[in-house]
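Novice: The structure under discussion is supplied below as structure tokens; questions concerning it will follow.
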Amino acid sequence: MSRIRNAFPKLFEPAFIGRLKITNRLIMAPMGTRMGSETGGVTKQLIDYYARRALGGVGAIITEITGVDYTLGVGSANNLTLHDNRYLPGHNELVEAVQTQGARIICQLGHVGRNRRVFDKLQPVAPSAIPCPFFNVVPRELTVAEIEEVVRRFVEAAVRAKTAGYDGLELHGAHGYLIAEFMSAMSNHRQDRYGGDLAGRMTFPVEIVQGIRRAVGPDYPIIIRISGDEFLEGGMSLEESKQAAQILERAGVDALDVSAGTYDSMRTSIESMPYAQGWRIYLAEAIKKVVDIPVIGVGVIRFPDFAESILEAGQVDFIALGRALLADPFWPAKAKEGREKEIAPCISCNTGCIGGRIFKGLSIRCAVNPLTGREKLADQVRPTGRKKKVLVVGGGPAGMMAALTAKKRGHEVVLYEKEPELGGQLRLAIKPPGKEKIGWLLGYLKTQIEESSIDLCLAQQVGPEAINREKPDAVILATGARPSIPGLPGVETGPVSTAWGVLAGQKIIENKDVVVVGGGMVGCETALYLAPANRKVAIVEMLDSLASDVEPINRLDLLNRIEEAGIRTALGLTLEKIEPDSLVVSRPDGQKERLAAEAVVLALGAIPVDDLSREIEDQVNEVFSVGDCSSPGKIINAIYQGFITALRI
């Protein structure tokens with residue numbers, strides 16, 4: 001394959017932050033990983049994670065938040081810290097691992113303030129005793145002496161970061177953390193010199209910047225991350241953030257990293273799937289117009305051509321890639337070489353990173369990239385030296401990932417799919433509104449299969465005779481699942497279809513009163529899909545909450561869109577019977593109720609389809625089941641199972 005050098009010239013021209021030269025304009029955004037040690041130290045796992053992103057060609061890496069105070073300054077266990085000299089060796093190891101690959105590394109220093117998960121008995125601290133509604137814990141108001149002590153801790157941590165070899169610093173002044181809490185009138189009600197008008201509320205960050213500048217000298221880069229808009233009534237607006245940016249520039253900051261939101265407006269800082277690519281770059285652009293220092297833009301930037309256009313338009317000076325580098329650490333290298341079609345796309349599902357892992361206290365992963373957080377496995381994705389013939393049955397995400405991984409392992413791979421095209425359930429998942437990004441993943445996987453030398457057999461059902469004909473050494477079954485249909489009265493004779501059938505276009509439902517039975521992700525998304533074309537749509541769910549199987553940030557978005565669409569919901573109801581124009585449900589107390597319904601759509605889960613494994617167990621020594629045919633789950637489960645199974649062969 002021919003490769004084009006510098007296909008995106010603006011992305012790959014050198015640029016400066018202060019006197020720090022960076023080889024290109026791509027920066028890895030800071031993201032929590034939960035890969036620090038139990039006491040906040042750097043681990044080998046964390047070093048491998050950052051080193052792989054450096055190897056992928058990013059110009060600079062900004063680390064996850066590193067606490068300046070480990071007792072109250074970190075949000076949870078396993079957060080990095082630099083509050084003590086004993087952490088210096090680990091940080092130096094991290095610095096050298098990144099710099100060896102040619103990237104710069106910048107240490108983000110911060111204090112979480114009231115945004116603290118109480119994993120011990122310590123009360124969080126804040127400018128004022130106002131709780132963050134997301135955490136709902138009343139913080140203790142800092143005294144003036146304590147504020148001065150926090151400033152000192154920032155300065156001491158900055159000196160340690162410089163000693164460890166970091167190329168620069170970033171202060172976390174966004175997302176409702178302590179610096180942002182002082183800046184925002186919503187969380188700062190103080191009447192002393194640290195409160196009042198914006199100038200007073202900026203005293204705390206200004207003292208930190210000035211103290212660090214005196215300690216590290218005039219040439220050491222200092223960046224600050226701010227929320228261009230907190231998107232909350234009474235919070236920092238774009239107009240106030242522009243003024244704050246000018247104050248910070250005068251205080252000695254070398255660059256501004258413009259994010260958005262707080263924990264209370266989380267979908268604006270860690271976007272759910274429906275948010276458009278680059279939707280909040282306008283915030284960075286507006287701030288860039290009022291300062292003379294570089295501005296970093298961030299937010300759902302997924303593809304090189306889009307990133308290039310932002311730079312060409314002069315909207316920002318640097319592009320920060322966050323979740324995009326979880327999905328593909330080699331995004332920069334592939335873009336530079338004109339191989340953008342090979343970039344694995346982030347789909348903003350948040351199931352492997354934020355809501356699905358970090359919020360649960362688990363270390364970071366990625367639905368699209370099974371190596372994220374497991375970088376030590378990267379060396380295993382290479383020819384094994386024991387070439388086998390591997391037959392993969394099923395072309396959904398699990399099957400495609402298994403086939404691609406087995407091919408990289410040097411095996412001869414044959415992939416069978418019973419449908420005329422690849423994709424499996426991904427082809428249905430893209431149909432509901434707001435799920436278009438799943439099409440990015442589907443397109444990527446299909447392109448990888450088509451450009452490999454995998455023997456692809458579409459529209460072919462596989463049985464024991466095909467296995468006997470192919471004579472594989474190993475078979476990976478990725479045959480998926482089928483909708484679960486209860487054996488209740490009226491299911492076979494009533495106006496009933498399944499969510500899968502509706503999304504596949506097998507049943508067109510229009511101008512009807514529709515009831516979707518099942519309020520998990522599939523049911524809720526199918527209801528949204530049906531809402532525009534029908535008179536009324538309702539969801540009936542036996543649990544006491546909707547979409548309980550959805551990652552929290554995307555769930556908030558999903559529930560809001562259900563409300564906006566006027567979809568009615570009924571919780572705590574169990575389906576008993578379907579009649580020609582209604583359905584009968586029962587309440588927890590056993591009382592029956594009849595609901596009008598001209599059409600009923602079942603979204604009651606899935607049942608694995610794994611019959612073939614029993615039929616061929618005597619024909620092949622190695623038979624594996626992955627994805628939904630093993631246990632119905634999410635994309636992250638399917639892709640990881642396909643990947644790890646292929647590594648075992």
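Please note that chains go A, B, ... in the order of the structure tokens, that every chain numbers its residues from 1, and that ligands are numbered from 1 in the order shown.
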What's around Arg587 (chain A) at 9 Å? Count only C-alpha atoms, leave out sequence neighbours fewer than 6 positions away in its own chain, and write the answer as a PyMOL selection string.
Specialist: chain A and resi 542+572-574+593
Novice: Name the residues in contact with Arg386 (chain A) at a cut-off of 10 Å, using only C-alpha atoms, excluding same-chain residues fewer than 6 positions from it; report them as a PDB file with N, CA, C and O atoms, in the first residue's frame.
Specialist:
ATOM      1  N   ARG A 409      -1.650 -12.823  13.731  1.00  0.00           N
ATOM      2  CA  ARG A 409      -0.855 -13.872  14.379  1.00  0.00           C
ATOM      3  C   ARG A 409      -0.218 -14.814  13.363  1.00  0.00           C
ATOM      4  O   ARG A 409       0.500 -15.746  13.731  1.00  0.00           O
ATOM      5  N   GLY A 410      -0.492 -14.583  12.084  1.00  0.00           N
ATOM      6  CA  GLY A 410       0.136 -15.377  11.038  1.00  0.00           C
ATOM      7  C   GLY A 410      -0.647 -16.588  10.594  1.00  0.00           C
ATOM      8  O   GLY A 410      -0.144 -17.412   9.812  1.00  0.00           O
ATOM      9  N   HIS A 411      -1.901 -16.710  11.051  1.00  0.00           N
ATOM     10  CA  HIS A 411      -2.705 -17.870  10.682  1.00  0.00           C
ATOM     11  C   HIS A 411      -3.386 -17.667   9.328  1.00  0.00           C
ATOM     12  O   HIS A 411      -3.589 -16.533   8.880  1.00  0.00           O
ATOM     13  N   ILE A 649      -4.753 -18.967  20.106  1.00  0.00           N
ATOM     14  CA  ILE A 649      -4.598 -20.008  19.075  1.00  0.00           C
ATOM     15  C   ILE A 649      -3.172 -20.007  18.523  1.00  0.00           C
ATOM     16  O   ILE A 649      -2.640 -18.958  18.180  1.00  0.00           O
TER      17      ILE A 649
END
Novice: From the set A:Pro89, A:Gly566, A:Gly32, A:Gly57, which residue has the shortest atom-to-atom contact distance to Pro329 (chain A), counting only C-alpha atoms?
Specialist: A:Gly57
Novice: Enumerate as a ChimeraX atom specification all residues of region 167-285 of chain A assigned to strand (DSSP E or B) by DSSP on the backbone, naming them with the chain letters and numbers the document uses.
Specialist: /A:168-173,222-227,255-259
Novice: Residues at most 9 Å from Lys389 (chain A), counting only C-alpha atoms, excluding those fewer than 2 positions away in the same chain, as a PDB file with all heavy atoms, in the first residue's frame?
Specialist:
ATOM      1  N   LYS A 387       1.724 -21.691  12.397  1.00  0.00           N
ATOM      2  CA  LYS A 387       0.604 -21.318  11.533  1.00  0.00           C
ATOM      3  C   LYS A 387      -0.463 -22.398  11.512  1.00  0.00           C
ATOM      4  O   LYS A 387      -0.187 -23.579  11.335  1.00  0.00           O
ATOM      5  CB  LYS A 387       1.119 -21.063  10.111  1.00  0.00           C
ATOM      6  CG  LYS A 387       0.046 -20.566   9.155  1.00  0.00           C
ATOM      7  CD  LYS A 387       0.645 -20.214   7.805  1.00  0.00           C
ATOM      8  CE  LYS A 387      -0.424 -19.674   6.863  1.00  0.00           C
ATOM      9  NZ  LYS A 387       0.134 -19.286   5.542  1.00  0.00           N
ATOM     10  N   LEU A 391     -10.941 -21.043  11.158  1.00  0.00           N
ATOM     11  CA  LEU A 391     -12.225 -20.734  10.531  1.00  0.00           C
ATOM     12  C   LEU A 391     -13.068 -19.961  11.538  1.00  0.00           C
ATOM     13  O   LEU A 391     -13.296 -20.426  12.660  1.00  0.00           O
ATOM     14  CB  LEU A 391     -12.928 -22.022  10.112  1.00  0.00           C
ATOM     15  CG  LEU A 391     -14.162 -21.865   9.205  1.00  0.00           C
ATOM     16  CD1 LEU A 391     -14.294 -23.064   8.281  1.00  0.00           C
ATOM     17  CD2 LEU A 391     -15.438 -21.708  10.038  1.00  0.00           C
ATOM     18  N   HIS A 411      -1.901 -16.710  11.051  1.00  0.00           N
ATOM     19  CA  HIS A 411      -2.705 -17.870  10.682  1.00  0.00           C
ATOM     20  C   HIS A 411      -3.386 -17.667   9.328  1.00  0.00           C
ATOM     21  O   HIS A 411      -3.589 -16.533   8.880  1.00  0.00           O
ATOM     22  CB  HIS A 411      -3.769 -18.137  11.752  1.00  0.00           C
ATOM     23  CG  HIS A 411      -3.210 -18.456  13.097  1.00  0.00           C
ATOM     24  ND1 HIS A 411      -2.325 -19.496  13.305  1.00  0.00           N
ATOM     25  CD2 HIS A 411      -3.398 -17.872  14.323  1.00  0.00           C
ATOM     26  CE1 HIS A 411      -2.002 -19.547  14.593  1.00  0.00           C
ATOM     27  NE2 HIS A 411      -2.631 -18.563  15.228  1.00  0.00           N
ATOM     28  N   GLU A 412      -3.749 -18.756   8.704  1.00  0.00           N
ATOM     29  CA  GLU A 412      -4.622 -18.723   7.528  1.00  0.00           C
ATOM     30  C   GLU A 412      -6.052 -18.615   8.047  1.00  0.00           C
ATOM     31  O   GLU A 412      -6.502 -19.459   8.817  1.00  0.00           O
ATOM     32  CB  GLU A 412      -4.452 -19.994   6.698  1.00  0.00           C
ATOM     33  CG  GLU A 412      -5.387 -20.073   5.493  1.00  0.00           C
ATOM     34  CD  GLU A 412      -5.347 -21.418   4.807  1.00  0.00           C
ATOM     35  OE1 GLU A 412      -4.498 -22.262   5.174  1.00  0.00           O
ATOM     36  OE2 GLU A 412      -6.195 -21.645   3.918  1.00  0.00           O
ATOM     37  N   VAL A 413      -6.766 -17.590   7.617  1.00  0.00           N
ATOM     38  CA  VAL A 413      -8.072 -17.307   8.204  1.00  0.00           C
ATOM     39  C   VAL A 413      -9.156 -17.317   7.136  1.00  0.00           C
ATOM     40  O   VAL A 413      -9.010 -16.699   6.074  1.00  0.00           O
ATOM     41  CB  VAL A 413      -8.079 -15.941   8.934  1.00  0.00           C
ATOM     42  CG1 VAL A 413      -9.446 -15.672   9.553  1.00  0.00           C
ATOM     43  CG2 VAL A 413      -6.996 -15.905  10.007  1.00  0.00           C
ATOM     44  N   VAL A 414     -10.242 -18.017   7.445  1.00  0.00           N
ATOM     45  CA  VAL A 414     -11.439 -18.015   6.612  1.00  0.00           C
ATOM     46  C   VAL A 414     -12.583 -17.493   7.476  1.00  0.00           C
ATOM     47  O   VAL A 414     -12.793 -17.979   8.593  1.00  0.00           O
ATOM     48  CB  VAL A 414     -11.785 -19.422   6.089  1.00  0.00           C
ATOM     49  CG1 VAL A 414     -13.013 -19.357   5.183  1.00  0.00           C
ATOM     50  CG2 VAL A 414     -10.602 -20.027   5.360  1.00  0.00           C
ATOM     51  N   GLU A 470     -13.586 -27.621   4.972  1.00  0.00           N
ATOM     52  CA  GLU A 470     -12.492 -26.668   5.209  1.00  0.00           C
ATOM     53  C   GLU A 470     -11.338 -27.293   5.984  1.00  0.00           C
ATOM     54  O   GLU A 470     -10.189 -26.874   5.854  1.00  0.00           O
ATOM     55  CB  GLU A 470     -13.020 -25.445   5.969  1.00  0.00           C
ATOM     56  CG  GLU A 470     -13.966 -24.571   5.181  1.00  0.00           C
ATOM     57  CD  GLU A 470     -13.257 -23.685   4.164  1.00  0.00           C
ATOM     58  OE1 GLU A 470     -12.005 -23.722   4.091  1.00  0.00           O
ATOM     59  OE2 GLU A 470     -13.954 -22.967   3.430  1.00  0.00           O
ATOM     60  N   LYS A 471     -11.657 -28.268   6.827  1.00  0.00           N
ATOM     61  CA  LYS A 471     -10.647 -28.943   7.659  1.00  0.00           C
ATOM     62  C   LYS A 471      -9.778 -27.946   8.445  1.00  0.00           C
ATOM     63  O   LYS A 471      -8.549 -27.941   8.354  1.00  0.00           O
ATOM     64  CB  LYS A 471      -9.772 -29.863   6.810  1.00  0.00           C
ATOM     65  CG  LYS A 471     -10.532 -31.052   6.229  1.00  0.00           C
ATOM     66  CD  LYS A 471      -9.628 -31.951   5.425  1.00  0.00           C
ATOM     67  CE  LYS A 471     -10.342 -33.236   5.029  1.00  0.00           C
ATOM     68  NZ  LYS A 471     -11.633 -33.020   4.361  1.00  0.00           N
ATOM     69  N   PRO A 472     -10.417 -27.088   9.262  1.00  0.00           N
ATOM     70  CA  PRO A 472      -9.635 -26.114  10.038  1.00  0.00           C
ATOM     71  C   PRO A 472      -8.958 -26.768  11.238  1.00  0.00           C
ATOM     72  O   PRO A 472      -9.398 -27.810  11.733  1.00  0.00           O
ATOM     73  CB  PRO A 472     -10.693 -25.116  10.494  1.00  0.00           C
ATOM     74  CG  PRO A 472     -11.932 -25.950  10.621  1.00  0.00           C
ATOM     75  CD  PRO A 472     -11.863 -26.964   9.506  1.00  0.00           C
ATOM     76  N   ASP A 473      -7.896 -26.113  11.697  1.00  0.00           N
ATOM     77  CA  ASP A 473      -7.260 -26.536  12.946  1.00  0.00           C
ATOM     78  C   ASP A 473      -8.013 -25.976  14.153  1.00  0.00           C
ATOM     79  O   ASP A 473      -7.964 -26.548  15.239  1.00  0.00           O
ATOM     80  CB  ASP A 473      -5.812 -26.051  12.990  1.00  0.00           C
ATOM     81  CG  ASP A 473      -4.993 -26.621  11.848  1.00  0.00           C
ATOM     82  OD1 ASP A 473      -4.849 -27.852  11.789  1.00  0.00           O
ATOM     83  OD2 ASP A 473      -4.501 -25.825  11.022  1.00  0.00           O
ATOM     84  N   ALA A 474      -8.650 -24.829  13.954  1.00  0.00           N
ATOM     85  CA  ALA A 474      -9.391 -24.181  15.036  1.00  0.00           C
ATOM     86  C   ALA A 474     -10.611 -23.479  14.456  1.00  0.00           C
ATOM     87  O   ALA A 474     -10.569 -22.964  13.334  1.00  0.00           O
ATOM     88  CB  ALA A 474      -8.511 -23.184  15.775  1.00  0.00           C
ATOM     89  N   VAL A 475     -11.678 -23.468  15.222  1.00  0.00           N
ATOM     90  CA  VAL A 475     -12.903 -22.784  14.825  1.00  0.00           C
ATOM     91  C   VAL A 475     -13.279 -21.792  15.924  1.00  0.00           C
ATOM     92  O   VAL A 475     -13.305 -22.142  17.113  1.00  0.00           O
ATOM     93  CB  VAL A 475     -14.068 -23.772  14.596  1.00  0.00           C
ATOM     94  CG1 VAL A 475     -15.370 -23.016  14.340  1.00  0.00           C
ATOM     95  CG2 VAL A 475     -13.772 -24.698  13.426  1.00  0.00           C
TER      96      VAL A 475
END
Novice: Smallest atom-to-atom distance to Gly168 (chain A): which of A:Tyr49, A:Phe16, A:Tyr194, A:Tyr263, using only C-alpha atoms?
Specialist: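 Checking each candidate against Gly168 (chain A), we get A:Phe16 as the closest.
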Novice: Give me the residues near Leu26 (chain A) as a PyMOL selection string, where near means some atom within 9 Å (using only C-alpha atoms) and where sequence neighbours in that chain fewer than 4 positions away do not count.
Specialist: chain A and resi 11-12+22+57-61+318-321+332
Novice: As a list in words, please: the residues near Met186 (chain A) (cut-off 12 Å, only C-alpha atoms, same-chain neighbours under 6 positions excluded).
Specialist: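 Counting only C-alpha atoms, the residues come to Ala126, Pro127, Ser128, Ala129, Ile130, Pro131, Cys132, Pro133, Gly176, Ala180, Gly195, Gly196, Asp197, Leu198, Arg201, Glu230, Phe231, Leu232, Glu233, Gly234, Gly235, Met236, Ser237, Thr262 and Asp264 of chain A.
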Novice: Could you work out how far CA of Leu477 (chain A) lies from CA of Ala547 (chain A), giving the answer in Å with one decimal?
Specialist: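 A separation of 29.1 Å between them.
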Novice: Have a look at CA of Leu595 (chain A) and CA of Leu558 (chain A) and let me know their distance in Å, one decimal.
Specialist: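 Between CA of Leu595 (chain A) and CA of Leu558 (chain A) the gap is 24.0 Å.
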